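What follows is a single structure, written as structure tokens, with notes after it.
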Amino acid sequence: MSAPAIRLKDVGVRLGEVDVLQNLSLDLQARTVAVIGENGSGKSTFARLLGGLINRTSGELSIMGIDPARRAAELRRRIAIVFSNPDAQIIMPTVAEDVAFSLRADRLPPAELTQRVGAAMERFGLTELAQRPSHDLSGGQKQLLALCGAMVRNPELVIADEPTAYLDARNARRVAEHLLEDAGHRLVLVTHDLALAARCEQVVLFAGGALVGLGEPEEIISQYEAVLAC
Ligand SMILES: Nc1ncnc2c1ncn2[C@@H]1O[C@H](COP(=O)(O)OP(=O)(O)OP(=O)(O)O)[C@@H](O)[C@H]1O
């Protein structure tokens with residue numbers, strides 16, 4: 001592969017009075033990247049930065065050749081962002097309508113829209129819930145719906161922040177397979193689940209808003225476990 005998919009040079013993010021991320025310089029080329037670190041270390045802020053949801057205060061940033069501060073709309077079309085709290089991502093009254101809403105910009109013919117929505121719901125085990133009011137779903141079902149809505153658009157890059165947080169073991173496994181094994185997209189996965197992180201090709205470790213490790217999963221997870229043991 002040529003240019004890194006994600007490139008940061010001396011990036012800083014200040015939110016209010018707090019320097020949340022400092023002097024971040026890294027190139028991410030692997031298809032699947034895990035982001036790990038202690039509570040409050042800056043992982044979610046990093047994910048929101050990559051997703052164009054917050055802007056950097058300093059430095060340079062390129063996501064698949066796009067500067068999110070300049071071409072946010074284009075970036076949003078090519079990526080999907082999934083958070084641990086799905087409520088913010090569920091908009092429409094029923095499950096099927098909510099999945100279809102994610103495809104509104106594509107202006108698909110009705111038959112193709114129905115087919116795409118049906119296939120996506122099948123993939124995430126939501127077919128039986130298609131006509132259920134989306135806000136009556138359980139936390140785990142909502143998480144599956146949010147993921148389904150994100151993935152139905154076939155994004156090039158998925159940024160997922162603790163996407164299995166509300167899921168039972170079987171659904172967590174199913175979601176992990178979709179995110180990790182589907183070669184159709186790149187993945188940046190924020191997680192406290194080190195077994196999940198170990199399945200990514202590259203791992204990024206944060207501490208106190210700074211990058212303190214970047215490399216092979218085995219090496220970086222051992223580095224983190226040594227910190228946790230103190
Ligand atoms: N809008 C904000 N204004 C000020 N400080 C913020 C803001 N958002 C986050 N922070 C601070 O930035 C730091 C990093 O937060 P962040 O949510 O990125 O951490 P995290 O690594 O994702 O944590 P966790 O594992 O607990 O989810 C925390 O100290 C947090 O309090």
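Chain labels follow the order of the structure tokens: the first chain is A, the next B, and so on; residue numbering restarts at 1 in every chain, and ligands are counted from 1 in their shown order.
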Discussion item. Around ligand 1, which protein and nucleic acid residues have at least one atom no more than 6 Å from it, if we count only C-alpha atoms and all ligand atoms? List them as a VMD selection string.
Written reply: chain A and resid 15 to 16 18 20 38 to 45
Pull the closest atom pair for each residue of stretch 97-156 of chain A that gets at most 12 Å from stretch 59-79 of chain A, along with the distance in Å to one decimal, counting only C-alpha atoms, ordering rows by chain and then ascending residue number, as JSON lines.
```
{"residue": "A:Ser102", "atom": "CA", "partner": "A:Arg77", "partner_atom": "CA", "distance": 10.6}
{"residue": "A:Leu103", "atom": "CA", "partner": "A:Arg77", "partner_atom": "CA", "distance": 10.5}
{"residue": "A:Arg104", "atom": "CA", "partner": "A:Arg77", "partner_atom": "CA", "distance": 11.5}
{"residue": "A:Ala105", "atom": "CA", "partner": "A:Arg77", "partner_atom": "CA", "distance": 9.0}
{"residue": "A:Asp106", "atom": "CA", "partner": "A:Arg77", "partner_atom": "CA", "distance": 10.1}
{"residue": "A:Ala150", "atom": "CA", "partner": "A:Ile79", "partner_atom": "CA", "distance": 8.6}
{"residue": "A:Met151", "atom": "CA", "partner": "A:Ile79", "partner_atom": "CA", "distance": 9.4}
{"residue": "A:Val152", "atom": "CA", "partner": "A:Ile79", "partner_atom": "CA", "distance": 11.4}
{"residue": "A:Arg153", "atom": "CA", "partner": "A:Arg77", "partner_atom": "CA", "distance": 8.6}
{"residue": "A:Asn154", "atom": "CA", "partner": "A:Arg78", "partner_atom": "CA", "distance": 8.4}
{"residue": "A:Pro155", "atom": "CA", "partner": "A:Ile79", "partner_atom": "CA", "distance": 4.9}
{"residue": "A:Glu156", "atom": "CA", "partner": "A:Arg78", "partner_atom": "CA", "distance": 5.6}
```
Take the residues from that selection and put them in a file with C-alpha atoms, as a short mmCIF file (atom, residue, chain, number, x, y, z; two decimals), in the first residue's frame.
```
data_model
loop_
_atom_site.label_atom_id
_atom_site.label_comp_id
_atom_site.auth_asym_id
_atom_site.auth_seq_id
_atom_site.Cartn_x
_atom_site.Cartn_y
_atom_site.Cartn_z
CA SER A 102 -28.71 5.42 6.71
CA LEU A 103 -28.99 4.96 2.93
CA ARG A 104 -31.08 8.08 2.26
CA ALA A 105 -28.23 9.94 0.54
CA ASP A 106 -27.82 7.12 -2.02
CA ALA A 150 -23.33 2.17 10.06
CA MET A 151 -22.32 -0.88 8.04
CA VAL A 152 -25.17 -0.87 5.51
CA ARG A 153 -23.47 2.05 3.75
CA ASN A 154 -20.36 -0.09 3.05
CA PRO A 155 -17.96 2.45 4.58
CA GLU A 156 -14.27 2.41 3.67
#
```
List every residue of stretch 74-128 of chain A that DSSP, applied to the backbone of this structure, assigns to alpha helix (DSSP H), and report them as a CSV table (one decimal) with C-alpha atoms, in the first residue's frame.
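And here's out.csv as it stands now:
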```
chain,number,residue,atom,x,y,z
A,74,GLU,CA,-16.7,13.9,2.0
A,75,LEU,CA,-15.1,12.2,5.0
A,76,ARG,CA,-18.6,11.5,6.5
A,77,ARG,CA,-19.7,9.8,3.3
A,78,ARG,CA,-16.7,7.4,3.3
A,95,VAL,CA,-35.7,-0.9,13.1
A,96,ALA,CA,-36.2,-1.3,9.3
A,97,GLU,CA,-36.8,2.4,8.8
A,98,ASP,CA,-33.8,3.3,10.9
A,99,VAL,CA,-31.5,1.1,8.7
A,100,ALA,CA,-33.1,2.5,5.5
A,101,PHE,CA,-32.5,6.1,6.8
A,110,PRO,CA,-37.1,1.1,-3.7
A,111,ALA,CA,-36.5,-2.6,-4.6
A,112,GLU,CA,-32.7,-2.2,-4.1
A,113,LEU,CA,-33.2,-0.2,-0.9
A,114,THR,CA,-35.4,-3.0,0.5
A,115,GLN,CA,-32.9,-5.6,-0.6
A,116,ARG,CA,-29.9,-3.8,1.0
A,117,VAL,CA,-31.8,-3.1,4.3
A,118,GLY,CA,-33.0,-6.7,4.4
A,119,ALA,CA,-29.6,-8.2,3.9
A,120,ALA,CA,-28.0,-5.9,6.5
A,121,MET,CA,-30.7,-6.7,9.1
A,122,GLU,CA,-30.1,-10.4,8.4
A,123,ARG,CA,-26.4,-10.0,8.9
```
Discussion item. Could you check the closest approach to A:Gly215 for each of A:Glu201, A:Asn85, A:Glu17, A:Arg186 and tell me which residue wins, using only C-alpha atoms?
Written reply: A:Glu201
Worksheet entry | Nearby residues (only C-alpha atoms) at most 12 Å from stretch 205-207 of chain A, same-chain spacing under 3 positions excluded, as a count of residues only | 45
Worksheet item: Which is closest to A:Ala5 among A:Arg170, A:His185, A:Ile90, A:Ser58, if we use only C-alpha atoms?
Response: A:His185
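The spacing separating atom CA of A:Ala160 from atom CA of A:Arg199 amounts to 14.7 Å.
Proximity of A:Ser134, A:Ile54, A:Gly139, A:Glu162 to A:Phe83, computed with only C-alpha atoms, is greatest for A:Glu162.
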